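Next up, my_file-v4.cif (mmCIF, C-alpha atoms):
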data_input
loop_
_atom_site.label_atom_id
_atom_site.label_comp_id
_atom_site.auth_asym_id
_atom_site.auth_seq_id
_atom_site.Cartn_x
_atom_site.Cartn_y
_atom_site.Cartn_z
CA LYS A 1 0.00 0.00 0.00
CA ILE A 2 1.18 3.51 -0.78
CA ARG A 3 -0.25 6.34 1.26
CA PHE A 4 -0.82 9.70 -0.33
CA GLU A 5 -2.32 13.04 0.63
CA LEU A 6 -5.00 15.13 -1.04
CA GLN A 7 -4.96 18.90 -0.51
CA PHE A 8 -7.89 21.19 -1.32
CA HIS A 9 -6.72 24.80 -1.72
CA THR A 10 -8.04 28.16 -2.68
CA PRO A 11 -5.84 30.06 -5.15
CA GLU A 12 -4.63 32.27 -2.28
CA SER A 13 -3.80 29.40 0.08
CA PHE A 14 -2.00 27.47 -2.67
CA LYS A 15 0.08 30.51 -3.60
CA TYR A 16 1.08 31.00 0.02
CA LYS A 17 1.94 27.31 0.36
CA MET A 18 4.32 27.56 -2.58
CA ASP A 19 5.76 30.91 -1.50
CA SER A 20 6.39 29.79 2.11
CA HIS A 21 8.61 26.79 1.35
CA ASP A 22 11.71 28.51 2.75
CA LEU A 23 9.95 29.19 6.06
CA TYR A 24 8.73 25.60 6.19
CA GLU A 25 12.27 24.29 5.72
CA VAL A 26 13.52 26.43 8.63
CA ILE A 27 10.71 25.11 10.84
CA ARG A 28 11.39 21.53 9.74
CA ALA A 29 15.16 21.38 9.64
CA ALA A 30 16.84 24.32 11.42
CA MET A 31 18.92 23.33 14.44
CA ASP A 32 18.49 26.65 16.26
CA PRO A 33 15.24 26.72 18.32
CA ASP A 34 15.16 30.54 18.17
CA LYS A 35 15.22 30.46 14.35
CA LYS A 36 12.50 27.79 14.34
CA ARG A 37 10.31 29.93 16.59
CA GLU A 38 10.87 33.09 14.54
CA ALA A 39 10.01 31.25 11.33
CA TRP A 40 6.92 29.72 12.93
CA GLU A 41 5.63 33.06 14.19
CA LEU A 42 6.17 34.68 10.77
CA HIS A 43 4.51 31.71 9.08
CA CYS A 44 1.46 31.97 11.38
CA SER A 45 1.28 35.74 10.88
CA ASN A 46 1.39 35.38 7.10
CA ALA A 47 -1.10 32.50 7.07
CA SER A 48 -3.58 34.49 9.16
CA LYS A 49 -3.87 36.97 6.29
CA ILE A 50 -5.16 34.34 3.85
CA PRO A 51 -8.96 34.56 3.44
CA VAL A 52 -10.81 31.66 5.08
CA PRO A 53 -13.59 30.28 2.84
CA GLU A 54 -17.08 30.40 4.28
CA GLY A 55 -18.09 27.20 6.05
CA VAL A 56 -14.62 25.62 5.97
CA LEU A 57 -14.29 25.70 9.78
CA ASP A 58 -17.36 23.49 10.03
CA ILE A 59 -15.58 20.62 8.29
CA PRO A 60 -15.14 17.87 10.92
CA GLU A 61 -11.81 16.68 12.34
CA LYS A 62 -10.00 19.98 12.19
CA LYS A 63 -6.38 19.57 13.24
CA ASN A 64 -3.76 22.15 14.07
CA TYR A 65 -0.03 21.65 13.73
CA SER A 66 1.84 23.35 16.52
CA LEU A 67 5.49 24.06 17.15
CA PRO A 68 7.06 21.66 19.70
CA CYS A 69 7.77 23.01 23.18
CA ASP A 70 11.13 24.65 23.91
CA ARG A 71 12.61 21.67 25.75
CA HIS A 72 11.77 19.35 22.85
CA MET A 73 13.46 21.66 20.32
CA TYR A 74 16.56 22.01 22.48
CA ALA A 75 16.63 18.23 22.99
CA GLU A 76 16.48 17.75 19.21
CA LEU A 77 19.46 20.11 18.93
CA VAL A 78 21.47 18.06 21.46
CA VAL A 79 20.75 14.80 19.65
CA SER A 80 21.46 16.31 16.23
CA ARG A 81 24.87 17.62 17.34
CA ALA A 82 25.80 14.24 18.83
CA MET A 83 24.64 12.33 15.74
CA LYS A 84 26.67 14.49 13.36
CA ARG A 85 29.87 13.89 15.33
CA CYS A 86 29.23 10.27 16.30
CA GLU A 87 30.59 8.38 13.29
CA THR A 88 33.89 10.26 13.02
CA LEU A 89 34.37 10.18 16.80
CA VAL A 90 33.97 6.40 16.88
CA LEU A 91 36.69 6.06 14.21
CA GLU A 92 39.01 8.43 16.08
CA CYS A 93 38.58 6.59 19.37
CA GLU A 94 39.06 3.23 17.69
CA LYS A 95 42.46 4.40 16.43
CA ILE A 96 43.36 5.82 19.83
CA VAL A 97 42.41 2.81 21.95
CA GLY A 98 42.82 0.04 19.38
CA LEU A 99 39.29 -1.15 20.02
CA LYS A 100 36.06 -0.07 18.30
CA PRO A 101 33.50 1.29 20.76
CA GLU A 102 29.75 0.90 20.52
CA SER A 103 28.01 4.26 20.22
CA ILE A 104 24.82 4.88 22.20
CA LEU A 105 22.78 8.00 21.49
CA MET A 106 20.13 9.32 23.83
CA SER A 107 16.63 9.66 22.46
CA VAL A 108 15.04 13.09 22.18
CA SER A 109 12.64 12.26 25.01
CA GLU A 110 15.53 11.18 27.27
CA CYS A 111 17.34 14.43 26.46
CA GLU A 112 14.21 16.39 27.34
CA THR A 113 14.16 14.73 30.77
CA MET A 114 17.82 15.44 31.38
CA LEU A 115 17.60 19.06 30.22
CA GLN A 116 14.72 19.57 32.62
CA MET A 117 16.73 18.03 35.45
CA ILE A 118 19.77 20.23 34.74
CA CYS A 119 17.62 23.37 34.65
CA ASP A 120 15.85 22.37 37.87
CA LEU A 121 19.03 21.62 39.80
CA GLU A 122 21.25 24.46 38.59
CA ASP A 123 20.80 28.22 38.31
CA LEU A 124 21.98 28.74 34.74
CA ASP A 125 20.46 32.11 33.84
CA GLY A 126 22.56 34.16 36.25
CA GLY A 127 19.59 36.11 37.58
CA ASP A 128 18.08 36.50 41.03
CA GLY A 129 14.46 36.45 39.84
CA PRO A 130 12.38 33.67 38.31
CA ASP A 131 14.28 31.29 36.06
CA ASN A 132 14.42 32.16 32.37
CA GLU A 133 13.99 28.72 30.80
CA SER A 134 15.10 29.79 27.33
CA VAL A 135 18.39 31.19 28.71
CA GLU A 136 18.95 28.12 30.91
CA LEU A 137 18.33 25.70 28.04
CA LYS A 138 20.91 27.49 25.91
CA VAL A 139 23.48 26.77 28.62
CA ALA A 140 22.27 23.25 29.36
CA VAL A 141 22.64 22.02 25.76
CA ASN A 142 26.41 22.38 26.18
CA ARG A 143 26.37 20.23 29.35
CA MET A 144 25.00 16.96 28.05
CA PRO A 145 27.76 14.33 27.90
CA ASP A 146 25.21 11.53 28.36
CA ALA A 147 23.74 12.34 24.93
CA LEU A 148 26.57 10.31 23.37
CA LYS A 149 28.24 7.33 25.03
CA LEU A 150 31.07 5.33 23.51
CA VAL A 151 31.26 1.93 25.21
CA PHE A 152 34.51 -0.02 25.03
CA ILE A 153 34.07 -3.70 25.96
CA LEU A 154 37.19 -4.95 27.74
CA PRO A 155 37.89 -8.56 28.85
CA ASP A 156 37.07 -9.63 32.42
CA GLU A 157 40.56 -10.99 32.91
CA GLY A 158 43.02 -8.14 33.18
CA TYR A 159 40.23 -5.55 33.07
CA ALA A 160 41.80 -3.13 35.53
CA GLU A 161 45.05 -2.81 33.59
CA ALA A 162 43.26 -2.64 30.24
CA ALA A 163 40.95 0.10 31.56
CA LYS A 164 43.88 2.11 32.91
CA GLU A 165 45.69 1.79 29.57
CA ALA A 166 42.62 2.83 27.56
CA ALA A 167 41.94 5.77 29.88
CA THR A 168 45.53 6.95 29.55
CA LYS A 169 45.32 6.81 25.75
CA LEU A 170 42.06 8.75 25.68
CA ARG A 171 43.36 11.38 28.10
CA GLY A 172 46.44 11.84 25.95
CA ALA A 173 44.50 12.26 22.71
CA GLY A 174 43.63 15.92 23.15
CA PHE A 175 40.11 15.59 24.48
CA ALA A 176 39.11 17.95 27.27
CA GLU A 177 38.42 16.01 30.48
CA ILE A 178 35.30 17.14 32.32
CA GLY A 179 35.31 14.48 35.00
CA VAL A 180 35.60 10.79 35.82
CA ARG A 181 33.46 8.31 37.73
CA ASN A 182 34.33 4.79 38.74
CA GLY A 183 30.98 3.06 38.45
CA TRP A 184 32.41 0.00 40.14
CA THR A 185 32.67 1.88 43.43
CA GLN A 186 30.56 5.07 43.06
CA LEU A 187 26.77 5.00 43.09
CA SER A 188 25.11 6.87 40.24
CA ARG A 189 23.18 10.04 40.99
CA ASP A 190 21.51 10.00 37.57
CA GLU A 191 17.95 9.74 38.86
CA TYR A 192 16.49 9.21 35.43
CA ALA A 193 18.91 6.43 34.43
CA GLY A 194 18.82 4.07 37.38
CA GLY A 195 22.52 3.26 37.63
CA THR A 196 25.86 3.14 35.85
CA LEU A 197 28.70 0.64 35.88
CA GLY A 198 32.28 0.63 34.59
CA LEU A 199 34.94 3.32 34.52
CA ARG A 200 33.50 6.42 32.86
CA LEU A 201 35.47 9.34 31.46
CA LEU A 202 33.49 12.51 30.81
CA LEU A 203 35.27 14.10 27.85
CA ALA A 204 34.68 16.79 25.25
CA THR A 205 35.74 16.97 21.62
CA LYS A 206 35.62 19.58 18.90
CA ALA A 207 32.30 19.63 17.09
CA PHE A 208 31.43 21.52 13.92
CA ASP A 209 29.97 24.87 12.99
CA ASP A 210 26.25 24.27 13.40
CA SER A 211 25.30 27.94 12.79
CA VAL A 212 23.76 28.11 16.27
CA ALA A 213 25.08 31.09 18.23
CA PHE A 214 24.84 29.60 21.72
CA THR A 215 26.38 26.17 21.12
CA ASP A 216 30.10 25.72 21.76
CA ASP A 217 31.53 24.34 18.51
CA GLY A 218 34.81 23.58 20.24
CA HIS A 219 33.25 21.62 23.09
CA LEU A 220 30.95 18.67 22.42
CA PRO A 221 30.76 16.52 25.58
CA PHE A 222 30.56 12.73 25.48
CA ILE A 223 31.19 9.78 27.79
CA ALA A 224 33.74 7.03 27.22
CA VAL A 225 32.64 3.93 29.15
CA LEU A 226 35.26 1.27 29.88
CA ALA A 227 33.16 -1.80 30.63
CA THR A 228 33.09 -5.57 30.50
CA ALA A 229 30.46 -7.41 28.49
CA LYS A 230 28.67 -8.38 31.71
CA SER A 231 28.75 -4.90 33.23
CA ALA A 232 27.46 -3.33 30.00
CA ALA A 233 24.59 -5.83 29.88
CA ALA A 234 23.82 -5.26 33.57
CA GLU A 235 23.76 -1.47 33.11
CA ALA A 236 21.40 -1.79 30.15
CA GLY A 237 19.14 -3.90 32.34
CA LEU A 238 19.23 -1.34 35.13
CA VAL A 239 18.24 1.45 32.76
CA GLU A 240 15.43 -0.66 31.30
CA CYS A 241 14.08 -1.52 34.77
CA TRP A 242 14.27 2.12 35.84
CA SER A 243 12.33 3.34 32.83
CA THR A 244 9.47 0.79 33.10
#
In structure tokens, how does this file's structure come out?
Amino acid sequence: KIRFELQFHTPESFKYKMDSHDLYEVIRAAMDPDKKREAWELHCSNASKIPVPEGVLDIPEKKNYSLPCDRHMYAELVVSRAMKRCETLVLECEKIVGLKPESILMSVSECETMLQMICDLEDLDGGDGPDNESVELKVAVNRMPDALKLVFILPDEGYAEAAKEAATKLRGAGFAEIGVRNGWTQLSRDEYAGGTLGLRLLLATKAFDDSVAFTDDGHLPFIAVLATAKSAAAEAGLVECWST
């Protein structure tokens, strides 16, 4: 089966549809939430000037398309940045460590949850009054290492030495180190994730020019997880249990 769509226009609405393609592409594909919102508001303003045929609002099953909420758009930006760097970063880290890591990207909904948590726990807008969510989200998108995890599976036997060696290689490769957590001995405080295992390096790499003013193109955070096959499987199970 092939699905298709039928559109019933007036000459004015069809002309606007064809003339507004550039705005539609910004709304659909732009990475910057501010540019999406500006394009959406202009689109709505322009569309409101198109004459509405008599009786058309009485047609059943009217549906309105709305712009996603701010957190969703910022979460899409986080995931998009991570996805665009993922493939080349995996290759770089494989050369550095001598072992190909598995890449794990957060979903947009998971990023939404984490962005909300960061904004709730930290004062990111620098003001004394009520929080400015738009300002805080612009800061938070640069503090999301969990959006991209690279998991290196090391053997059980000799794990400690192999993990130390891999960590040393990664630290010497020019990545900025944000932090480290030994999941074998430190409990996770990631309330949304349920738990983490393995040695975890919080690093940052250079990204790319995404044409978004508030993202740091020289600082894309990610996590390198040094795990065993069993610990990686156990962590995946913990996350699954926590989310159900």
Q. Out of A:Cys111, A:Val212, A:Leu150, A:Ala224, which residue has the shortest atom-to-atom distance to Glu177 of chain A when counting all atoms listed in the file?
A. A:Ala224
Q: Can you work out which one of A:Val141, A:Leu154, A:Ile27, A:Val225 has the shortest atom-to-atom distance to Arg71 of chain A, counting only C-alpha atoms?
A: A:Val141
Q) Quick one: which residues end up in the PyMOL selection byres ((chain A and resi 3-9) around 12) for this structure, as a list in words? A)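 The output of the PyMOL selection byres ((chain A and resi 3-9) around 12) on this file is Lys1, Ile2, Thr10, Pro11, Glu12, Ser13, Phe14, Lys15, Tyr16, Lys17, Met18, Ile50, Pro51, Val52, Pro53 and Val56 of chain A.
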Q. Given the file above and the PyMOL selection byres ((chain A and resi 137) around 9), which residues are selected, and can you give them as a list of chain:residue names?
A. A:Asp70, A:Arg71, A:Tyr74, A:Leu115, A:Gln116, A:Ile118, A:Cys119, A:Leu124, A:Asp125, A:Asn132, A:Glu133, A:Ser134, A:Val135, A:Glu136, A:Lys138, A:Val139, A:Ala140, A:Val141, A:Asn142
Q: Just give me the gap between atom CA of Asp216 of chain A and atom CA of Ser109 of chain A in Å, one decimal is fine.
A: 22.3 Å
(Q) What would the selection look like, as a ChimeraX atom specification, if the PyMOL selection byres ((chain A and resi 149) around 7) were run on the coordinates I just shared? (A) /A:103-105,146-148,150-151,222-225
Restricting it to C-alpha atoms, dump the selection as a JSON list (two decimals), in the coordinates of the input.
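Full text of selection-v8.json as output:
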[["chain", "number", "residue", "atom", "x", "y", "z"],
["A", 103, "SER", "CA", 28.01, 4.26, 20.22],
["A", 104, "ILE", "CA", 24.82, 4.88, 22.20],
["A", 105, "LEU", "CA", 22.78, 8.00, 21.49],
["A", 146, "ASP", "CA", 25.21, 11.53, 28.36],
["A", 147, "ALA", "CA", 23.74, 12.34, 24.93],
["A", 148, "LEU", "CA", 26.57, 10.31, 23.37],
["A", 150, "LEU", "CA", 31.07, 5.33, 23.51],
["A", 151, "VAL", "CA", 31.26, 1.93, 25.21],
["A", 222, "PHE", "CA", 30.56, 12.73, 25.48],
["A", 223, "ILE", "CA", 31.19, 9.78, 27.79],
["A", 224, "ALA", "CA", 33.74, 7.03, 27.22],
["A", 225, "VAL", "CA", 32.64, 3.93, 29.15]]
Q.
Counting only C-alpha atoms, which residue out of A:Ala75, A:Leu121, A:Met83, A:Leu197 sits closest to Thr185 of chain A?
A.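 Looking only at the distances to Thr185 of chain A, the closest residue turns out to be A:Leu197.
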Q. Quick one, how far is atom CA of Asp210 of chain A from atom CA of Val26 of chain A?
A. 13.8 Å
Write out as JSON lines the residues of segment 46-130 of chain A that have any atom within 9 Å of an atom of segment 168-176 of chain A, one row each with the nearest atom pair and its distance in Å to one decimal, counting only C-alpha atoms, sorted by chain and then rising number.
{"residue": "A:Cys93", "atom": "CA", "partner": "A:Leu170", "partner_atom": "CA", "distance": 7.5}
{"residue": "A:Ile96", "atom": "CA", "partner": "A:Lys169", "partner_atom": "CA", "distance": 6.3}
{"residue": "A:Val97", "atom": "CA", "partner": "A:Lys169", "partner_atom": "CA", "distance": 6.2}
Pick out the residues sitting within 12 Å of Leu226 of chain A, and hand them over as a short mmCIF file (atom, residue, chain, number, x, y, z; two decimals) with C-alpha atoms, in the frame of the given file; count only C-alpha atoms, and ignore anything fewer than 3 positions along from it in its own chain.
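Below is the file that was written, selection_7.cif:
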data_model
loop_
_atom_site.label_atom_id
_atom_site.label_comp_id
_atom_site.auth_asym_id
_atom_site.auth_seq_id
_atom_site.Cartn_x
_atom_site.Cartn_y
_atom_site.Cartn_z
CA VAL A 97 42.41 2.81 21.95
CA LEU A 99 39.29 -1.15 20.02
CA LYS A 100 36.06 -0.07 18.30
CA PRO A 101 33.50 1.29 20.76
CA GLU A 102 29.75 0.90 20.52
CA LYS A 149 28.24 7.33 25.03
CA LEU A 150 31.07 5.33 23.51
CA VAL A 151 31.26 1.93 25.21
CA PHE A 152 34.51 -0.02 25.03
CA ILE A 153 34.07 -3.70 25.96
CA LEU A 154 37.19 -4.95 27.74
CA PRO A 155 37.89 -8.56 28.85
CA ASP A 156 37.07 -9.63 32.42
CA TYR A 159 40.23 -5.55 33.07
CA ALA A 160 41.80 -3.13 35.53
CA GLU A 161 45.05 -2.81 33.59
CA ALA A 162 43.26 -2.64 30.24
CA ALA A 163 40.95 0.10 31.56
CA LYS A 164 43.88 2.11 32.91
CA GLU A 165 45.69 1.79 29.57
CA ALA A 166 42.62 2.83 27.56
CA ALA A 167 41.94 5.77 29.88
CA THR A 168 45.53 6.95 29.55
CA LEU A 170 42.06 8.75 25.68
CA VAL A 180 35.60 10.79 35.82
CA ARG A 181 33.46 8.31 37.73
CA ASN A 182 34.33 4.79 38.74
CA GLY A 183 30.98 3.06 38.45
CA TRP A 184 32.41 0.00 40.14
CA THR A 196 25.86 3.14 35.85
CA LEU A 197 28.70 0.64 35.88
CA GLY A 198 32.28 0.63 34.59
CA LEU A 199 34.94 3.32 34.52
CA ARG A 200 33.50 6.42 32.86
CA LEU A 201 35.47 9.34 31.46
CA LEU A 202 33.49 12.51 30.81
CA ILE A 223 31.19 9.78 27.79
CA ALA A 229 30.46 -7.41 28.49
CA LYS A 230 28.67 -8.38 31.71
CA SER A 231 28.75 -4.90 33.23
CA ALA A 232 27.46 -3.33 30.00
#
Q.
Please return as a PyMOL selection string every residue within 9 Å of (38.1, 19.5, 18.0), taking into account all atoms listed in the file and the file's own coordinates.
A. chain A and resi 174-175+204-208+217-220
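The shortest atom-to-atom distance to Met106 of chain A, with only C-alpha atoms taken into account, belongs to A:Leu77 out of A:Leu77, A:Leu23, A:Ala213, A:Met31.
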Neighbouring residues of segment 34-40 of chain A were defined as those with any atom within 9 Å, considering only C-alpha atoms; residues of the same chain fewer than 3 positions away were excluded. Please report them as an mmCIF file with C-alpha atoms, in the coordinates of the input.
data_model
loop_
_atom_site.group_PDB
_atom_site.id
_atom_site.type_symbol
_atom_site.label_atom_id
_atom_site.label_comp_id
_atom_site.auth_asym_id
_atom_site.auth_seq_id
_atom_site.Cartn_x
_atom_site.Cartn_y
_atom_site.Cartn_z
ATOM 1 C CA LEU A 23 9.950 29.190 6.060
ATOM 2 C CA TYR A 24 8.730 25.600 6.190
ATOM 3 C CA VAL A 26 13.520 26.430 8.630
ATOM 4 C CA ILE A 27 10.710 25.110 10.840
ATOM 5 C CA ARG A 28 11.390 21.530 9.740
ATOM 6 C CA ALA A 29 15.160 21.380 9.640
ATOM 7 C CA ALA A 30 16.840 24.320 11.420
ATOM 8 C CA MET A 31 18.920 23.330 14.440
ATOM 9 C CA HIS A 43 4.510 31.710 9.080
ATOM 10 C CA CYS A 44 1.460 31.970 11.380
ATOM 11 C CA SER A 45 1.280 35.740 10.880
ATOM 12 C CA SER A 66 1.840 23.350 16.520
ATOM 13 C CA LEU A 67 5.490 24.060 17.150
ATOM 14 C CA MET A 73 13.460 21.660 20.320
#
Q: To one decimal in Å, tell me the separation between atom CA of Glu92 of chain A and atom CA of Met114 of chain A.
A: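 Separation of atom CA of Glu92 of chain A and atom CA of Met114 of chain A: 27.1 Å.
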Q.
Counting only C-alpha atoms, which residue out of A:Val108, A:Leu91, A:Met144, A:Asp19 sits closest to Ala47 of chain A?
A. A:Asp19
